[in-house]
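One structure is given here, and the rest of the page talks about it.
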Amino acid sequence: MPLRDLLIRIAEIYDATALASNDVPAQVLLRGVKERDDLPLPPGFTADGHGGQGFASSTPWIGVYDPAINAEPHQGLYLAYIFSEDLSAATLTLQQGVTRLKKSFPRRPELRRELRTRAKRLRAALPPDLASSWSHQPDFGSKDWRPRSYEAGSVAARRYEISNLPPEEILQADLLEASKLLHDVAAAQRIFLQMPRADEPIVEYVPEEHETNDPLDRFCPKGSSDYYVHLKGGRRRRTRRHEELIKDFGFHSVACGYTPIIAGMHPRDLVLRRSDSISQRAWLVEGKAVKNGNATNAVRQAVGQLFEYSHFWHEKRDEPKPYLIALFTEGIGHYAEYLEDLGIASVWREGDEWGGSPSATSWGLTANSEGRVNDSWSS
């Protein structure tokens, strides 16, 4: 069945005042989506239809899933065609699961706020050349809590007016493009889920169990509020700018074609890999917060840790020597040239963009680069 015909038919016969029962034609049509094998879904994807339970939903919808990422809408990421309450439009949206998250955020304003926060962060993983064409902010015209949550949880979306639906081939092309966005955002979400929650307890530093001299070696980043690390001689206050820097750059790296890895990398901040790179070398990232505009200490610390981690965690383990990236919360001036001379690329925040040194640009990690790896750096 053509996707265009299915959307039009649902809009024609759906009745939000009817019960969600098997003797209601629109409900039968929606529930039958799961069994259809004639829908133009991306390879490997599945779909199902939703019209409510007991009473009809004010906004019927069709879920589209990649089972390798998620197979049901209660949690995780998926695609959905969600109809507006007046059935005049259907929006193809990259959605976050709501039901499971509601258990952690039972108050509806808090739930929507959390969904919006997550959506904003996940949008950083959208390829820049596609992000603007998927920037629609859904408004389903319903006061029910679930459609409003769908509005808040949308990461990317495109709206179609039922009276002016594009041709079938365009709808299919859009769905295929959305499936690729789903893969990018799912990779970014894995970074988010690897980071400990903000409500986890403070980690006590136990010097006699420590294997190095780094006082933060056993600390797990949690969020953007301040935290305390317990050391001999007292309790010291530290900020979480470092953790936010790593998370945001991890999402950015996905949009640049990399796979960011945090889990199992400790004490390293972040490791990037890229399947289309000719060499097998990884990119080793060390993040530093520049304090009071003085980059000296941040640069010194980054250099020492990058060389140490490269030596002990890669070269001594018979892995190829990694590319080195020093990541900063702001520009570092003339130190960028200094780091380049040492064979270390540098990347820093420039508002909502990322600036960087020539080698970082050649790897596609800055705002003015093309997003392609230059493997000549491996020579």
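Residue numbers start at 1 in each chain; chains themselves are named A, B, ... in the order of the structure tokens; ligands are numbered from 1 in the order shown.
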
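Residues within 12 Å of Lys180 (chain A), counting only C-alpha atoms and excluding same-chain residues fewer than 6 positions away, are Pro42, Pro43, Phe45, Tyr65, Asp66, Ile69, Tyr78, Leu79, Leu94, Ala125, Leu126, Pro127, Leu130, Ala156, Ala173, Asp174, Ala186, Ala187, Ala255 and Gly257 of chain A.
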
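Backbone DSSP over region 8-68 of chain A gives strand (DSSP E) for A:Leu19, A:Ala20, A:Thr46, A:Ala47, A:Asp48, A:Gly49, A:His50, A:Gly51, A:Gly52, A:Gln53, A:Gly54, A:Phe55, A:Ala56, A:Ser57, A:Ser58, A:Thr59, A:Pro60, A:Trp61, A:Ile62, A:Gly63, A:Val64, A:Tyr65.
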
Expected file: the selected residues, N, CA and C atoms, as a PDB file, in the first residue's frame:
```
ATOM      1  N   LEU A  19     -14.829   4.776  20.264  1.00  0.00           N
ATOM      2  CA  LEU A  19     -14.002   3.918  21.112  1.00  0.00           C
ATOM      3  C   LEU A  19     -12.865   3.320  20.285  1.00  0.00           C
ATOM      4  N   ALA A  20     -11.790   2.965  20.966  1.00  0.00           N
ATOM      5  CA  ALA A  20     -10.662   2.324  20.286  1.00  0.00           C
ATOM      6  C   ALA A  20     -10.896   0.822  20.257  1.00  0.00           C
ATOM      7  N   THR A  46      10.365  -1.879  10.822  1.00  0.00           N
ATOM      8  CA  THR A  46       9.007  -2.351  11.058  1.00  0.00           C
ATOM      9  C   THR A  46       8.122  -1.154  11.380  1.00  0.00           C
ATOM     10  N   ALA A  47       6.806  -1.378  11.399  1.00  0.00           N
ATOM     11  CA  ALA A  47       5.872  -0.293  11.687  1.00  0.00           C
ATOM     12  C   ALA A  47       4.660  -0.828  12.435  1.00  0.00           C
ATOM     13  N   ASP A  48       4.000   0.035  13.188  1.00  0.00           N
ATOM     14  CA  ASP A  48       2.709  -0.292  13.793  1.00  0.00           C
ATOM     15  C   ASP A  48       1.885   0.979  13.937  1.00  0.00           C
ATOM     16  N   GLY A  49       0.570   0.801  14.102  1.00  0.00           N
ATOM     17  CA  GLY A  49      -0.331   1.931  14.204  1.00  0.00           C
ATOM     18  C   GLY A  49      -0.933   2.045  15.591  1.00  0.00           C
ATOM     19  N   HIS A  50      -1.257   3.278  16.004  1.00  0.00           N
ATOM     20  CA  HIS A  50      -1.769   3.537  17.349  1.00  0.00           C
ATOM     21  C   HIS A  50      -2.944   4.508  17.281  1.00  0.00           C
ATOM     22  N   GLY A  51      -4.053   4.075  17.867  1.00  0.00           N
ATOM     23  CA  GLY A  51      -5.227   4.941  17.910  1.00  0.00           C
ATOM     24  C   GLY A  51      -5.823   5.044  19.294  1.00  0.00           C
ATOM     25  N   GLY A  52      -5.074   4.663  20.313  1.00  0.00           N
ATOM     26  CA  GLY A  52      -5.571   4.743  21.681  1.00  0.00           C
ATOM     27  C   GLY A  52      -5.930   3.390  22.255  1.00  0.00           C
ATOM     28  N   GLN A  53      -6.236   3.388  23.547  1.00  0.00           N
ATOM     29  CA  GLN A  53      -6.665   2.186  24.256  1.00  0.00           C
ATOM     30  C   GLN A  53      -7.919   2.528  25.053  1.00  0.00           C
ATOM     31  N   GLY A  54      -8.983   1.812  24.802  1.00  0.00           N
ATOM     32  CA  GLY A  54     -10.249   2.143  25.444  1.00  0.00           C
ATOM     33  C   GLY A  54     -10.943   3.260  24.699  1.00  0.00           C
ATOM     34  N   PHE A  55     -10.422   4.474  24.862  1.00  0.00           N
ATOM     35  CA  PHE A  55     -10.923   5.623  24.114  1.00  0.00           C
ATOM     36  C   PHE A  55      -9.907   5.997  23.042  1.00  0.00           C
ATOM     37  N   ALA A  56     -10.411   6.544  21.957  1.00  0.00           N
ATOM     38  CA  ALA A  56      -9.534   6.902  20.849  1.00  0.00           C
ATOM     39  C   ALA A  56      -8.595   8.034  21.247  1.00  0.00           C
ATOM     40  N   SER A  57      -7.395   7.964  20.741  1.00  0.00           N
ATOM     41  CA  SER A  57      -6.418   9.035  20.948  1.00  0.00           C
ATOM     42  C   SER A  57      -6.836  10.269  20.168  1.00  0.00           C
ATOM     43  N   SER A  58      -6.488  11.435  20.705  1.00  0.00           N
ATOM     44  CA  SER A  58      -6.790  12.669  19.973  1.00  0.00           C
ATOM     45  C   SER A  58      -5.873  12.847  18.779  1.00  0.00           C
ATOM     46  N   THR A  59      -4.714  12.164  18.810  1.00  0.00           N
ATOM     47  CA  THR A  59      -3.742  12.299  17.721  1.00  0.00           C
ATOM     48  C   THR A  59      -3.232  10.907  17.325  1.00  0.00           C
ATOM     49  N   PRO A  60      -3.875  10.229  16.393  1.00  0.00           N
ATOM     50  CA  PRO A  60      -3.416   8.897  15.972  1.00  0.00           C
ATOM     51  C   PRO A  60      -2.021   8.983  15.356  1.00  0.00           C
ATOM     52  N   TRP A  61      -1.313   7.861  15.371  1.00  0.00           N
ATOM     53  CA  TRP A  61       0.036   7.897  14.819  1.00  0.00           C
ATOM     54  C   TRP A  61       0.503   6.515  14.390  1.00  0.00           C
ATOM     55  N   ILE A  62       1.532   6.527  13.556  1.00  0.00           N
ATOM     56  CA  ILE A  62       2.161   5.309  13.055  1.00  0.00           C
ATOM     57  C   ILE A  62       3.628   5.336  13.461  1.00  0.00           C
ATOM     58  N   GLY A  63       4.077   4.319  14.193  1.00  0.00           N
ATOM     59  CA  GLY A  63       5.467   4.224  14.588  1.00  0.00           C
ATOM     60  C   GLY A  63       6.274   3.445  13.562  1.00  0.00           C
ATOM     61  N   VAL A  64       7.504   3.873  13.337  1.00  0.00           N
ATOM     62  CA  VAL A  64       8.412   3.216  12.397  1.00  0.00           C
ATOM     63  C   VAL A  64       9.720   2.968  13.144  1.00  0.00           C
ATOM     64  N   TYR A  65      10.179   1.711  13.187  1.00  0.00           N
ATOM     65  CA  TYR A  65      11.274   1.329  14.073  1.00  0.00           C
ATOM     66  C   TYR A  65      12.391   0.605  13.326  1.00  0.00           C
TER      67      TYR A  65
END
```

Need to verify the contact set: region 21-29 of chain A, 7 Å, only C-alpha atoms, exclusion of same-chain residues closer than 6 positions in sequence. Can you return it as a PDB file with N, CA and C atoms, in the first residue's frame?
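Output below, filename selection.pdb:
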```pdb
ATOM      1  N   ILE A  10      -6.322   7.389   6.677  1.00  0.00           N
ATOM      2  CA  ILE A  10      -6.479   7.575   8.121  1.00  0.00           C
ATOM      3  C   ILE A  10      -7.115   8.924   8.414  1.00  0.00           C
ATOM      4  N   ILE A  13     -11.011   8.819   7.691  1.00  0.00           N
ATOM      5  CA  ILE A  13     -11.986   8.014   8.439  1.00  0.00           C
ATOM      6  C   ILE A  13     -11.776   8.020   9.944  1.00  0.00           C
ATOM      7  N   TYR A  14     -10.699   8.609  10.429  1.00  0.00           N
ATOM      8  CA  TYR A  14     -10.439   8.532  11.869  1.00  0.00           C
ATOM      9  C   TYR A  14     -11.473   9.340  12.644  1.00  0.00           C
ATOM     10  N   GLY A  51      -4.053   4.075  17.867  1.00  0.00           N
ATOM     11  CA  GLY A  51      -5.227   4.941  17.910  1.00  0.00           C
ATOM     12  C   GLY A  51      -5.823   5.044  19.294  1.00  0.00           C
TER      13      GLY A  51
END
```

Item to complete: Please indicate the distance in Å from CA of Ile246 (chain A) to CA of Pro260 (chain A), rounded to one decimal place.
Response: 10.1 Å

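If you look at CA of Ile325 (chain A) and CA of Ala131 (chain A), they are 25.9 Å away from each other.
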
Practice prompt. List every residue of region 39-196 of chain A that DSSP, applied to the backbone, labels as alpha helix (DSSP H), and write the result as number ranges by chain.
Written response: A: 99-104, 108-123, 128-131, 145-153, 168-194

Please produce an output containing C-alpha atoms for each residue in the selection, written as a tab-separated table (two decimals), in the first residue's frame.
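The resulting file, selection-v7.tsv, is reproduced below:
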```tsv
chain	number	residue	atom	x	y	z
A	99	THR	CA	6.24	6.22	28.82
A	100	ARG	CA	9.30	4.93	30.70
A	101	LEU	CA	10.71	8.43	31.17
A	102	LYS	CA	7.45	9.50	32.80
A	103	LYS	CA	8.25	7.22	35.74
A	104	SER	CA	11.33	9.34	36.50
A	108	ARG	CA	4.13	16.66	33.32
A	109	PRO	CA	5.88	20.07	33.10
A	110	GLU	CA	9.08	18.44	34.34
A	111	LEU	CA	8.68	15.63	31.83
A	112	ARG	CA	8.32	18.05	28.93
A	113	ARG	CA	11.25	20.11	30.16
A	114	GLU	CA	13.45	17.01	30.31
A	115	LEU	CA	12.35	15.93	26.84
A	116	ARG	CA	13.14	19.37	25.41
A	117	THR	CA	16.56	19.36	27.08
A	118	ARG	CA	17.40	15.95	25.66
A	119	ALA	CA	16.05	16.85	22.22
A	120	LYS	CA	18.21	19.97	22.07
A	121	ARG	CA	21.32	17.99	22.94
A	122	LEU	CA	20.53	15.19	20.48
A	123	ARG	CA	20.00	17.68	17.63
A	128	PRO	CA	24.60	20.18	9.47
A	129	ASP	CA	23.51	19.98	5.82
A	130	LEU	CA	20.25	18.28	6.83
A	131	ALA	CA	19.46	19.86	10.19
A	145	TRP	CA	-0.40	15.31	27.96
A	146	ARG	CA	0.87	12.69	25.54
A	147	PRO	CA	0.72	14.77	22.31
A	148	ARG	CA	2.28	17.66	24.20
A	149	SER	CA	5.06	15.32	25.28
A	150	TYR	CA	5.52	14.28	21.66
A	151	GLU	CA	5.96	17.95	20.77
A	152	ALA	CA	8.64	18.37	23.45
A	153	GLY	CA	10.37	15.09	22.59
A	168	GLU	CA	4.79	8.97	-3.03
A	169	GLU	CA	8.42	8.98	-4.16
A	170	ILE	CA	9.15	12.10	-2.10
A	171	LEU	CA	7.48	10.66	1.00
A	172	GLN	CA	9.58	7.52	0.62
A	173	ALA	CA	12.78	9.54	0.14
A	174	ASP	CA	12.00	11.58	3.24
A	175	LEU	CA	11.41	8.44	5.28
A	176	LEU	CA	14.72	6.97	4.14
A	177	GLU	CA	16.50	10.20	5.05
A	178	ALA	CA	14.80	10.20	8.46
A	179	SER	CA	16.01	6.61	9.03
A	180	LYS	CA	19.59	7.78	8.51
A	181	LEU	CA	19.06	10.64	10.97
A	182	LEU	CA	17.73	8.09	13.45
A	183	HIS	CA	21.02	6.17	13.24
A	184	ASP	CA	23.08	9.33	13.86
A	185	VAL	CA	20.98	10.44	16.82
A	186	ALA	CA	20.94	6.93	18.32
A	187	ALA	CA	24.74	6.96	18.34
A	188	ALA	CA	24.67	10.28	20.18
A	189	GLN	CA	22.11	9.00	22.66
A	190	ARG	CA	24.46	6.17	23.58
A	191	ILE	CA	26.95	8.83	24.69
A	192	PHE	CA	24.25	10.45	26.83
A	193	LEU	CA	23.29	7.16	28.42
A	194	GLN	CA	26.90	6.32	29.24
```

Practice prompt. Compile the contact shell of Tyr258 (chain A) as a ChimeraX atom specification: residues with an atom at most 7 Å away, counting only C-alpha atoms, same-chain residues fewer than 3 positions apart removed.
Written response: /A:253-254,272-274
